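Participant: The structure's right below; bear with me while I get my questions together.
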Amino acid sequence: MDFSGPGDSQPSRNHHKELIFMQTLDSNICRRSFLGQTAAGLGGVALNSLLQAEQSPTQALMSLAPKAKRVIFLYMAGGPSHLESFDYKPMLEKMNGQAMPDSFTKGQPIAQLQGKKLTCRGPYFKFSRHGESGQQISDVFKHIPKVADDICIIRSMHTEAINHDPAHTFMNTGTAISGRPAMGSWFLYGLGSESQDLPGFLVLTSTGGGQNQPIASRQWHNGFLPGRLQGSQFHSTGDPVLYVRNPEGVSEKSQRDVIDATQALNKIRASRLEDPEIATRISQYELAFRMQASVPELVDLSKEPKQILDLYGTKGADGSFAGNCLLARRLAERGVRFIQLYHRGWDHHSNIEKGMQATTKLVDQGSSALIQDLKQRGMLDETLVVWAGEFGRTPMAQGSGRDHHMKAFSIWMAGGGVKGGVTYGETDEFGYNPAVNKMSVHDLHATMLSLAGMEHEKLTYRYRGRDFRLTDVKGKVVREILV
Amino acid sequence: MLKTERLTRKGMTLPAQQTRTMRKLSFAMTCLRLWLFVLTFALVEESFSEVKQVQFNRDVRPILSNHCFACHGPDEKQRKAKLRLDLKESLFEKRKNVLVAIGKPGASELFLRLSHSDPEERMPPEDFPKQLKMSQVNSIKAWIEQGAPWEDHWSYTPPRMPSLTEKKKNLSPIDHFILKRLNKSELSPALPTDSRTLVRRLHLDLIGLPPAPSVVEAFATNPSHQAFTKLVDKLLGSPHFGERLALPWLDLARYADSVGYQKDRLRDCWLYRDYLIRAFNENKPYDQFVIEQLAGDLLEGDPLEKRSWLIASGLNRMNQTTSEGGAQSKEYVAKYAADRVRNTAAIFLGSTMGCAECHDHKYDPFTTKDFYAFAAFFADIKERGVGYPEHTAMPTYAHLDEWADLQNQMTALQVQVKDIVLADEKKVLDEKINAIKDRIAKVADPKKWPKTLVSLRSTPRTVRMLPRGNWLDESGPIMSPAVPTFLGKLDIGKRRATRLDLARWIVSRENPLTARVFVNRIWKQFFGKGLARNLDDLGAQGERPTHPKLLDWLAVEFMENDWDIKRLIRQIVTSEAYRRSSNHPASTKLDPENRLLARQGAFRLEAELIRDNALAISGLLVPKIGGRSVKPYQPSNYWYRLYNSGKYVQDKGEELYRRGIYTLWRRSFWHPSLQAFDAPAREECVAERPISNTPQQALVLLNDPTYVESARLFAERILASHTQDFTRFELAFRFALARSPNNEERLILQKLLAKERSVYSENKKAALALINTGEKPHNKTIDPAELAAWTSVARAILNLHETITRN
């Protein structure tokens, strides 16, 4: 993990602090480090790699002013049903219990319903219109409707994988092949980090309401991008960041003593050898120490006023999705670039009615509160919030549930330069295929990058002789939903 | 031709009126262009006052590959204007506008289009993201002027033994090639490194463990060439050599103890890991090593050896598998097939063949047909598309050794029996034989064996060429196994080619890639970077080697000497280049990437070796070789995102102190301490780990109980070694860094010790808490405050950049 990236092109306030720190070092190291740090932004850039002309994404920065400074991705893992959330299908209601027309399903990949009789299943919930915009949202949600005018609902999403694991990988990396960088790593690569004492890409997870599908750390891995761009898991219970707590019996002062001695010895070594990695190591120990100091304060929600805790519906950092939403806001305030909150509870193969109610109860209020809270602090305009799963669910019944569906699903976005109170795209009458303004995962990525001021075709990284992109060879920016 | 291309690209058709206007405009433009052209020419001339000898492979091919091949290269579907720049015959073809007019850039369409002043005419097109620099255009021009000599891509022609001109006495060929290039530069080679650094370097490189202080001192007092080669031989013979060599191979093979997808269930294949260690220790010739891994199940031979070969063939089963509900078998069979093509090509050929799954390769001549024909080699491997992978019971090496030993004993006894006449004696021998038979029956009982993944042959599945890689599309032709067309053809008559044919082709002398790929990766282990920088891509987009002749010399030597890995390594480490200092300010400044090899590399240790190093320094290391993967300390909540919150049951006792190579590798959540130091997920072949430098690494070394416990044991070791603090600092440094501290360094440690003595003597509870970290009980004869204070000193030393760096 890292606190900056080559995207930090301007000397910032971090830079100033860093210089003060650097002045305490041997002047010889200082000079060398200064050069490196200025060229590359601060913190984790290995100077050695820098001298080897580390690939820099400057080309990707657009002349357009970026709208979104950061992203909060509310990841609804498991595949929330679009038909029970944001995509109302009266036709499906009419056809309830009747055979699904063959024309849709013939020759199509099907997951657990393979070889089964396919019957239509109408929506389990009523839909109502909300806000001035009159956005149509399922009645299972009580809180998201409050921000109807702030969100842009997209009903025409589709993906390329029908099973959870590859679909997660596709949503996060733009391909189902393992080993490619996660979108958070790409954002951090392009934008660099603003945070002085926290990693730039953080991941939190919560569970409940449905089958808790596993989620692998490859979903936030840096792939072939530099290791400092890796997403760090932030644990809402236990140690928030792995190994962030001092060993038993070691006070903050003793920890500082040990670090001081390590630093002093490293400095002597640095003065003798021509190895810029040592200076980097020294600055990383300082960052680690600062992180150890700042993380406990960050997760301490006791100072949050009651009305804020009530708004989110949480008592504190308790590992719940709502608690994570509040933490996400605090991380956003501290300059973390990409915050990803997974809620693993949307895989409703059976009893989807109860399941949706249960999962929604855990997710609804926190999602809505986050938008309201960011807005009242004037942060929504510069924070892009995305609410999305890896796919949707079949219009066909799977007993009392619904199966995985990759051809169509609904997501919403808010803030960061996205038009609020807008619905984009449509599916056909059955909610099977996108019918109007089809939007792919690559289009979503391209749009997100563009909101953050990056051209998706230019944000590339050379690996094995090829210039890789988050959007592979596809993707177009959906300008219609931009402010 | 190029003109048509432009129009097609823009999709323009012009009405007559417009065309007339444009013609007038065009005349004006032509005048302007002409003038610009002259101007450009003048500039080119000036900037090229110093004409250097252009080499096609070094200076021209990379430009064409990176900037032109995407539209004018191997990929037929993407090819514009029916123009190929990657083939000699097409580049020099006779056509109306000659692409390359030898000696005349001004008459060469290639140069004219690259240097055209009109952006509409100039190549690459304006909207192509990879634009050319002036200097690159100049290189093309100079190449044409100098007669446009063509060279085939360096790695696609078999390496030939380069001639050693002006061979000097006592100079190894390795040094000959390096000095030849170095002498042309401003740099002089770095001095030989000091003997202590050299011993530490050699240990870390050959066995991945630090030297014992006594070994360092012995060599430091007698640093003769003879002593050095003796040390080299000793380390090459160490059982830890196999562990060191297996480490990067496990990354290549994508070895892991779990299936990968979704629930990521654990699986058993550690026998394959043990096979690798054993193979490297036994110095198995590389060609045999390759054959056993790709086709061990198809080899005939000694029944015991055959079992070992079967274990080796587990390589083909290292891919990720799924058992996710709703996954379609057919889709996953296609995924596994593609995985094997991608990874087999990456492991052995350093080729990016995976690119050809959906379209012809954009830079190298791999076609989509090649991809699926390659996949067909593996179509006979028995496997499930969806479901937990089938395991096979196999003997461990302990079993195999005992088995072989018993058989030898038996043979000997049976020989004796023949000569015996006395009934009594015969009876005794018969009893002995029966006892051995019983023992053999026991050791040969598959029920007692662990299970592992092996390749088992079955009727080959039908492999079709999948249009755009789409597994639902069955319109593509059925493919028979074949090697990539541009690299040759198997000479096997009409029968279906097998994995064994593939393996033998890979290690044939005619294969231009295999030996180069391997020696290049070995070189990296001893210098930090490959001679060809891209360890995983020797194709058109990979960087050309810094020392092509040296690479070829190593490759040919390697093949001519029975693919002898230890011999290759001995040649490398006994070179002068290997023994140079890594500290050479002038070289760092002028040649930061060390392309001239004026100095040795200095680089951070690999993740597993950082762990091993700390355990060895503290004396905690349990140096047992092989066996089931182990579960050392790991944060308790680390696996909770797995299905049903996967429980991590940490091991006890000596399993906590095994080398990092034995740490259980779960692909969805591999050990966080290893991950922090850039260990990969092992989902795909990785030839080179990145080396990052992050705050998370600091947190691991400071706070992971493995390192805290190591520090405490290290402290006990220091305290036991001497009674005087002064000498203790000395010994501590020798254990960790193979050198003595200077006064300044000693003072820093002294200051820390004094501080922590006062902290812990006032807070016994804290002292006990610190020294009770980890499962190994602390030495009760040492005062807890004293031990805690020294533990702090040891922590500082284990956290040093120097401790985790190989210099």
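Residues in the structure tokens are numbered from 1 in each chain, the chains being A, B, ... in the order shown, and ligands are numbered from 1 in the order shown.
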With 7 Å as the limit and counting only C-alpha atoms, what residues in chain A lie close to chain B? Please list them as a PyMOL selection string.

Facilitator: chain A and resi 1-2+44+46+51-52+111-112+163+165+178-179+212-218+226-228+243-250+257-259+261-262+265-266+273-274+278+281+284-285+287-288+464-465

Participant: Could you write out, as a short mmCIF file (atom, residue, chain, number, x, y, z; two decimals) with C-alpha atoms, in the first residue's frame, all the residues of stretch 154-269 of chain A that DSSP marks as alpha helix (DSSP H)?

Facilitator:
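Written file, result-v1.cif:
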```cif
data_model
loop_
_atom_site.label_atom_id
_atom_site.label_comp_id
_atom_site.auth_asym_id
_atom_site.auth_seq_id
_atom_site.Cartn_x
_atom_site.Cartn_y
_atom_site.Cartn_z
CA HIS A 164 -19.88 -14.91 -8.80
CA ASP A 165 -16.15 -15.27 -8.78
CA PRO A 166 -15.43 -14.43 -12.43
CA ALA A 167 -18.16 -11.79 -12.39
CA HIS A 168 -16.53 -10.07 -9.41
CA THR A 169 -13.21 -10.24 -11.18
CA PHE A 170 -14.81 -8.78 -14.29
CA MET A 171 -16.48 -5.96 -12.37
CA ASN A 172 -13.28 -5.10 -10.55
CA THR A 173 -10.65 -5.58 -13.24
CA MET A 183 -10.12 -0.59 -10.48
CA GLY A 184 -9.11 0.99 -7.17
CA SER A 185 -5.46 0.35 -8.05
CA TRP A 186 -5.99 1.95 -11.45
CA PHE A 187 -7.57 5.02 -9.84
CA LEU A 188 -4.74 5.31 -7.39
CA TYR A 189 -2.23 4.83 -10.17
CA GLY A 190 -3.81 7.66 -12.12
CA LEU A 191 -4.58 10.06 -9.31
CA GLU A 252 3.98 3.85 21.72
CA LYS A 253 7.16 5.33 23.13
CA SER A 254 9.08 2.06 23.02
CA GLN A 255 7.87 1.48 19.48
CA ARG A 256 9.16 4.95 18.62
CA ASP A 257 12.50 4.13 20.28
CA VAL A 258 12.89 1.02 18.16
CA ILE A 259 11.93 2.89 15.01
CA ASP A 260 14.32 5.72 15.88
CA ALA A 261 17.19 3.30 16.24
CA THR A 262 16.27 1.55 12.99
CA GLN A 263 16.06 4.87 11.21
CA ALA A 264 19.36 6.09 12.62
CA LEU A 265 21.11 2.91 11.52
CA ASN A 266 19.47 3.07 8.12
CA LYS A 267 20.66 6.66 7.78
CA ILE A 268 24.25 5.67 8.42
CA ARG A 269 23.92 3.01 5.78
#
```

Participant: With only C-alpha atoms as the basis for distance, which of A:Gln372, A:Ile162, A:Pro240, A:Gln233 is at the shortest distance from A:Leu113?

Facilitator: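 Ranking A:Gln372, A:Ile162, A:Pro240, A:Gln233 by distance to A:Leu113, first place goes to A:Ile162.
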
Participant: Go through stretch 96-182 of chain A and flag each residue having an atom no more than 7 Å from stretch 394-411 of chain A; for those, report the closest pair of atoms plus their distance in Å to one decimal, using only C-alpha atoms, ordered by chain and rising number, as CSV.

Facilitator:
```
residue,atom,partner,partner_atom,distance
A:Met100,CA,A:Met396,CA,6.8
A:Ala111,CA,A:His404,CA,6.3
A:Gln112,CA,A:Asp403,CA,6.4
A:Leu113,CA,A:Asp403,CA,6.8
A:Leu118,CA,A:Met396,CA,5.9
A:Thr119,CA,A:Met396,CA,5.2
A:Cys120,CA,A:Met396,CA,4.5
A:Arg121,CA,A:Ala397,CA,5.1
A:Ile153,CA,A:Ile411,CA,6.0
A:Ile154,CA,A:Ile411,CA,5.3
A:Arg155,CA,A:Ser410,CA,4.3
A:Ser156,CA,A:Ala408,CA,6.0
A:Met157,CA,A:Phe409,CA,5.1
A:His158,CA,A:Ala408,CA,4.6
A:Thr159,CA,A:Met406,CA,5.2
A:Glu160,CA,A:Met406,CA,6.4
A:Ala161,CA,A:Met406,CA,6.3
A:Ile162,CA,A:Met406,CA,5.4
```

Participant: Looking at only C-alpha atoms, which of B:Ile381, B:Ile625, B:Ile433, B:Glu145 is the one that sits closest to B:Arg278?

Facilitator: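 Distance minimum relative to B:Arg278 lands on B:Ile625.
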
Participant: For atom CA of B:Gln525 and atom CA of B:Leu310, quote the distance in Å rounded to one decimal.

Facilitator: 28.4 Å

Participant: What's around stretch 124-136 of chain A at 8 Å? Count only C-alpha atoms, leave out sequence neighbours fewer than 2 positions away in its own chain, and write the answer as a list in words.

Facilitator: Glu84, Phe86, Asp87, Tyr88, Gly122, Ser138, Asp139, Val140, Pro145, Lys146, Val147, Ala148, Asp149, Glu353, Gly421, Val422 and Thr423 of chain A

Participant: Excluding A:Thr460 and its own-chain neighbours fewer than 5 positions away, which residues fall within 6 Å of it when counting only C-alpha atoms? Please give them as a PyMOL selection string.

Facilitator: chain A and resi 467-469

Participant: Could the residues in this selection be saved with N, CA and C atoms as an mmCIF file, in the first residue's frame?

Facilitator:
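Listing of part.cif after writing:
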```
data_model
loop_
_atom_site.group_PDB
_atom_site.id
_atom_site.type_symbol
_atom_site.label_atom_id
_atom_site.label_comp_id
_atom_site.auth_asym_id
_atom_site.auth_seq_id
_atom_site.Cartn_x
_atom_site.Cartn_y
_atom_site.Cartn_z
ATOM 1 N N ASP A 467 0.190 -2.645 -23.659
ATOM 2 C CA ASP A 467 -0.311 -1.550 -22.846
ATOM 3 C C ASP A 467 -1.705 -1.909 -22.345
ATOM 4 N N PHE A 468 -1.780 -2.274 -21.093
ATOM 5 C CA PHE A 468 -3.057 -2.705 -20.533
ATOM 6 C C PHE A 468 -3.873 -1.504 -20.056
ATOM 7 N N ARG A 469 -5.210 -1.686 -20.104
ATOM 8 C CA ARG A 469 -6.130 -0.667 -19.605
ATOM 9 C C ARG A 469 -7.165 -1.323 -18.710
#
```

Participant: Looking at only C-alpha atoms, which of B:Pro365, B:Gly627, B:Ser581, B:Ser329 is the one that sits closest to B:Ser195?

Facilitator: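 Counting only C-alpha atoms, the residue closest to B:Ser195 is B:Ser581.
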